[in-house]
Amino acid sequence: MTYQDGFETLAIHAGQEPDPVTGAVVPPIYQVSTYKQDGVGGLRGGYEYSRSANPTRTALEQCLAALEGAPRALAFASGMAAEDCLLRTVCSPGDHVLVPDDAYGGTYRLFARVFAGWGLTHDVVPISHVAAVREQLAVRKTTVVWAETPTNPLLGIADIRALAEAAHEAGALLVVDNTFASPYLQQPLALGADVVVHSTTKYLGGHSDVVGGALVVADPELAERLAFTQNATGGVAGPFDSWLTLRGVKTLAARMDRHCRNAMRVAQMLAEHPAVSEVLYPGLPSHPGHKTAQEQMRAFGGIVSFRLLAGEEAAVRACARTRLFTLGESLGGVESLIEHPARMTHASVTGSPLEVPSDLIRLSVGIEDCDDLLDDLRQALSDS
Ligand SMILES: Cc1ncc(COP(=O)(O)O)c(C=O)c1O
């Protein structure tokens, strides 16, 4: 009999059979670089050298693949290392890609400052407007359409199914950065995307204690090419980082449910607050992507951005005034974080088409008691 295990079961068991030798219930940290061969080429379980493969990394990769409903995942030292490996593999100098008008600043920097020098050209497209993406695809042969949804930090929603159709008709691949949603809330491959990118640093790891990235792919042949580049260039996740990430993944569903509940309450409170000019959260019916988000996501995620009527200096002051929301970059951990994207995570896109409003604050809403979080925000905004 074969079983079709649910998401929560896969998060705890996929790739994580008890150790065959000792019965250890959790995959051990294989802190090794090399493996004894039984005669030249006689590998045990295919392990030869830990850049090529390591059992703790394999456990994480098998689990991530199962969670995204894919045959294969690859784990990297960071989200950026994953993106770099992907672009080197699927693009060649002279190719053209479409990048979203809102995205993690580091992703845009990779296109604009690193791959541009390699000969990869890009156009910025409003990724929430499929008609505009189609128009751009008609202008020029394109290799990759890159999407984030929800986007960082403006929480835009891209229609994955419609983008996949548009990309495929034009002979392009659709890449979806699923970091904000996590596989618990959204599974882009099932909607037609070709590659999923994660910064596992965020919700998958979930505890602000490890940096990592992943690529998840539906096509085994593409997975093989990516694995070749990963081994050739070496940006792999180490065994301890893989173990920490896998430990985080086990509680992903429980954490995400709570993140989403708290974020919705925070968004609703801010929407009523007199100091706030706009709340950006796809769970609010007023959000332009609400319906699409409802269709393609289980819930709306833990990130809430908002703008202050009083402008940039008030936003900067509010960020420094919270007690529980810690002022810092990153997101997706159990603890709440607050930041000013224009001066922090998105400083690198100042002056570019991805520049973000200076009165914007981004919250990563944690899983603390939500009443405490609401009180903290109210006091931080009290004289804004
Ligand atoms: C949406 C998104 N993608 C990719 C990255 C890059 O990941 P990393 O910081 O793990 O390299 C980030 C980092 O903040 C991100 O927010």
# chains A, B, ... in the order shown; residues from 1 in each chain; ligands from 1
$ residues_around --residues "Asp376 of chain A" --least-positions-apart "2" --cutoff "7 Å" --atoms "only C-alpha atoms" --output "list of chain:residue names"
A:Thr322, A:Arg323, A:Leu324, A:Asp372, A:Leu373, A:Leu374, A:Arg378, A:Gln379, A:Ala380
$ select_by_dssp --residues "segment 172-351 of chain A" --states "alpha helix (DSSP H)" --output "VMD selection string"
chain A and resid 182 to 185 220 to 233 239 to 249 252 to 272 290 to 296 312 to 319
$ write_last_selection --atoms "C-alpha atoms" --output "PDB file, in the first residue's frame"
ATOM      1  CA  SER A 182       6.728  29.191   1.968  1.00  0.00           C
ATOM      2  CA  PRO A 183       5.558  25.875   0.496  1.00  0.00           C
ATOM      3  CA  TYR A 184       2.930  25.614   3.219  1.00  0.00           C
ATOM      4  CA  LEU A 185       0.992  28.569   1.821  1.00  0.00           C
ATOM      5  CA  PRO A 220      14.608  16.039 -13.561  1.00  0.00           C
ATOM      6  CA  GLU A 221      16.819  16.952 -16.527  1.00  0.00           C
ATOM      7  CA  LEU A 222      16.961  20.609 -15.414  1.00  0.00           C
ATOM      8  CA  ALA A 223      17.627  19.407 -11.856  1.00  0.00           C
ATOM      9  CA  GLU A 224      20.609  17.438 -13.144  1.00  0.00           C
ATOM     10  CA  ARG A 225      22.003  20.512 -14.908  1.00  0.00           C
ATOM     11  CA  LEU A 226      21.541  22.593 -11.754  1.00  0.00           C
ATOM     12  CA  ALA A 227      23.264  19.929  -9.668  1.00  0.00           C
ATOM     13  CA  PHE A 228      26.175  20.010 -12.102  1.00  0.00           C
ATOM     14  CA  THR A 229      26.540  23.800 -11.701  1.00  0.00           C
ATOM     15  CA  GLN A 230      26.107  23.558  -7.939  1.00  0.00           C
ATOM     16  CA  ASN A 231      28.928  21.033  -7.696  1.00  0.00           C
ATOM     17  CA  ALA A 232      31.089  22.919 -10.193  1.00  0.00           C
ATOM     18  CA  THR A 233      30.724  26.286  -8.441  1.00  0.00           C
ATOM     19  CA  PRO A 239      25.808  20.003   7.167  1.00  0.00           C
ATOM     20  CA  PHE A 240      25.076  21.999  10.318  1.00  0.00           C
ATOM     21  CA  ASP A 241      23.138  24.648   8.380  1.00  0.00           C
ATOM     22  CA  SER A 242      21.182  21.885   6.618  1.00  0.00           C
ATOM     23  CA  TRP A 243      20.371  20.300   9.973  1.00  0.00           C
ATOM     24  CA  LEU A 244      19.210  23.600  11.500  1.00  0.00           C
ATOM     25  CA  THR A 245      17.023  24.308   8.474  1.00  0.00           C
ATOM     26  CA  LEU A 246      15.503  20.819   8.563  1.00  0.00           C
ATOM     27  CA  ARG A 247      14.795  21.253  12.263  1.00  0.00           C
ATOM     28  CA  GLY A 248      12.958  24.479  11.455  1.00  0.00           C
ATOM     29  CA  VAL A 249      10.975  22.908   8.624  1.00  0.00           C
ATOM     30  CA  LEU A 252       6.669  25.212   9.436  1.00  0.00           C
ATOM     31  CA  ALA A 253       2.920  24.564   9.213  1.00  0.00           C
ATOM     32  CA  ALA A 254       2.246  25.326  12.878  1.00  0.00           C
ATOM     33  CA  ARG A 255       4.350  28.480  12.740  1.00  0.00           C
ATOM     34  CA  MET A 256       2.830  29.723   9.494  1.00  0.00           C
ATOM     35  CA  ASP A 257      -0.718  29.328  10.799  1.00  0.00           C
ATOM     36  CA  ARG A 258       0.176  31.528  13.723  1.00  0.00           C
ATOM     37  CA  HIS A 259       2.184  34.048  11.631  1.00  0.00           C
ATOM     38  CA  CYS A 260      -0.802  34.449   9.312  1.00  0.00           C
ATOM     39  CA  ARG A 261      -3.301  34.889  12.144  1.00  0.00           C
ATOM     40  CA  ASN A 262      -1.165  37.500  13.889  1.00  0.00           C
ATOM     41  CA  ALA A 263      -0.360  39.336  10.648  1.00  0.00           C
ATOM     42  CA  MET A 264      -4.035  39.625   9.750  1.00  0.00           C
ATOM     43  CA  ARG A 265      -4.812  41.208  13.111  1.00  0.00           C
ATOM     44  CA  VAL A 266      -1.842  43.576  12.777  1.00  0.00           C
ATOM     45  CA  ALA A 267      -2.946  44.590   9.261  1.00  0.00           C
ATOM     46  CA  GLN A 268      -6.504  45.203  10.442  1.00  0.00           C
ATOM     47  CA  MET A 269      -5.320  47.340  13.363  1.00  0.00           C
ATOM     48  CA  LEU A 270      -2.990  49.392  11.149  1.00  0.00           C
ATOM     49  CA  ALA A 271      -5.733  49.891   8.535  1.00  0.00           C
ATOM     50  CA  GLU A 272      -7.729  51.736  11.216  1.00  0.00           C
ATOM     51  CA  HIS A 290      -6.524  39.749  -2.748  1.00  0.00           C
ATOM     52  CA  LYS A 291      -8.585  37.537  -5.048  1.00  0.00           C
ATOM     53  CA  THR A 292      -5.560  36.007  -6.779  1.00  0.00           C
ATOM     54  CA  ALA A 293      -3.896  35.454  -3.407  1.00  0.00           C
ATOM     55  CA  GLN A 294      -7.039  33.725  -2.163  1.00  0.00           C
ATOM     56  CA  GLU A 295      -6.950  31.419  -5.190  1.00  0.00           C
ATOM     57  CA  GLN A 296      -3.299  30.450  -5.053  1.00  0.00           C
ATOM     58  CA  GLU A 312      10.187  59.222   6.098  1.00  0.00           C
ATOM     59  CA  GLU A 313      11.522  60.648   9.362  1.00  0.00           C
ATOM     60  CA  ALA A 314       8.419  59.509  11.237  1.00  0.00           C
ATOM     61  CA  ALA A 315       8.853  56.027   9.748  1.00  0.00           C
ATOM     62  CA  VAL A 316      12.494  55.906  10.807  1.00  0.00           C
ATOM     63  CA  ARG A 317      11.558  57.077  14.324  1.00  0.00           C
ATOM     64  CA  ALA A 318       8.775  54.499  14.667  1.00  0.00           C
ATOM     65  CA  CYS A 319      11.193  51.703  13.699  1.00  0.00           C
TER      66      CYS A 319
END
$ closest_atom_pairs --of "segment 25-101 of chain A" --to "segment 197-202 of chain A" --cutoff "10 Å" --atoms "only C-alpha atoms" --output "tab-separated table"
residue	atom	partner	partner_atom	distance
A:Leu64	CA	A:Thr200	CA	9.9
A:Ala73	CA	A:Val197	CA	9.8
A:Leu74	CA	A:Val197	CA	9.9
A:Ala75	CA	A:Thr200	CA	8.8
A:Phe76	CA	A:Thr200	CA	9.0
A:Ala77	CA	A:Thr200	CA	9.5
A:Ser78	CA	A:Ser199	CA	6.5
A:Gly79	CA	A:Ser199	CA	4.1
A:Met80	CA	A:Ser199	CA	7.6
A:Ala81	CA	A:Ser199	CA	9.5
A:Ala82	CA	A:Val197	CA	7.1
A:Glu83	CA	A:Val197	CA	7.0
A:Leu86	CA	A:Val197	CA	8.9
$ residues_around --residues "Leu308 of chain A" --least-positions-apart "6" --cutoff "7 Å" --atoms "only C-alpha atoms" --output "list in words"
Ala275, Val276, Ser277, Ala315, Asp359 and Leu360 of chain A
$ closest_residue --among "A:Ala166, A:Val32, A:Ala342, A:Ile127" --to "Gly238 of chain A" --atoms "only C-alpha atoms"
A:Val32
$ select_by_dssp --residues "segment 270-314 of chain A" --states "strand (DSSP E)" --output "list in words"
Val276, Ser277, Glu278, Val279, Leu280, Ile303, Val304, Ser305, Phe306, Arg307 and Leu308 of chain A
$ residues_around --residues "Glu68 of chain A" --least-positions-apart "3" --cutoff "9 Å" --atoms "only C-alpha atoms" --output "count of residues only"
15
$ residues_around --residues "Leu87 of chain A" --least-positions-apart "2" --cutoff "10 Å" --atoms "only C-alpha atoms" --output "ChimeraX atom specification"
/A:82-85,89-92,97,110-111,115,120,143-144,226
$ closest_residue --among "A:Arg134, A:Phe306, A:Glu335, A:Gly234" --to "Ala53 of chain A" --atoms "only C-alpha atoms"
A:Gly234
$ closest_residue --among "A:Val176, A:Leu327, A:Val356, A:Leu163" --to "ligand 1" --atoms "only C-alpha atoms and all ligand atoms"
A:Val176
$ closest_residue --among "A:Leu67, A:Leu60, A:Met344, A:Ile29" --to "ligand 1" --atoms "only C-alpha atoms and all ligand atoms"
A:Met344
$ atom_distance --atom1 "atom CA of Ser330 of chain A" --atom2 "atom CA of Val211 of chain A"
10.1 Å
$ closest_residue --among "A:Val21, A:Met297, A:Ala147, A:Leu137" --to "ligand 1" --atoms "only C-alpha atoms and all ligand atoms"
A:Ala147
$ atom_distance --atom1 "atom CA of Gly119 of chain A" --atom2 "atom CA of Arg88 of chain A"
11.4 Å
$ atom_distance --atom1 "atom CA of Glu339 of chain A" --atom2 "atom CA of Val125 of chain A"
25.6 Å
$ residues_around --residues "Leu354 of chain A" --least-positions-apart "2" --cutoff "7 Å" --atoms "only C-alpha atoms" --output "ChimeraX atom specification"
/A:101-102,349,352,356
$ write_last_selection --atoms "C-alpha atoms" --output "mmCIF file, in the first residue's frame"
data_model
loop_
_atom_site.group_PDB
_atom_site.id
_atom_site.type_symbol
_atom_site.label_atom_id
_atom_site.label_comp_id
_atom_site.auth_asym_id
_atom_site.auth_seq_id
_atom_site.Cartn_x
_atom_site.Cartn_y
_atom_site.Cartn_z
ATOM 1 C CA ASP A 101 9.086 45.788 -10.474
ATOM 2 C CA ASP A 102 9.142 44.848 -6.802
ATOM 3 C CA VAL A 349 17.700 49.668 -5.298
ATOM 4 C CA SER A 352 16.392 52.072 -9.791
ATOM 5 C CA VAL A 356 10.609 51.768 -2.555
#
$ closest_residue --among "A:Pro353, A:Gly42, A:Gly212, A:Gly15" --to "ligand 1" --atoms "only C-alpha atoms and all ligand atoms"
A:Gly212
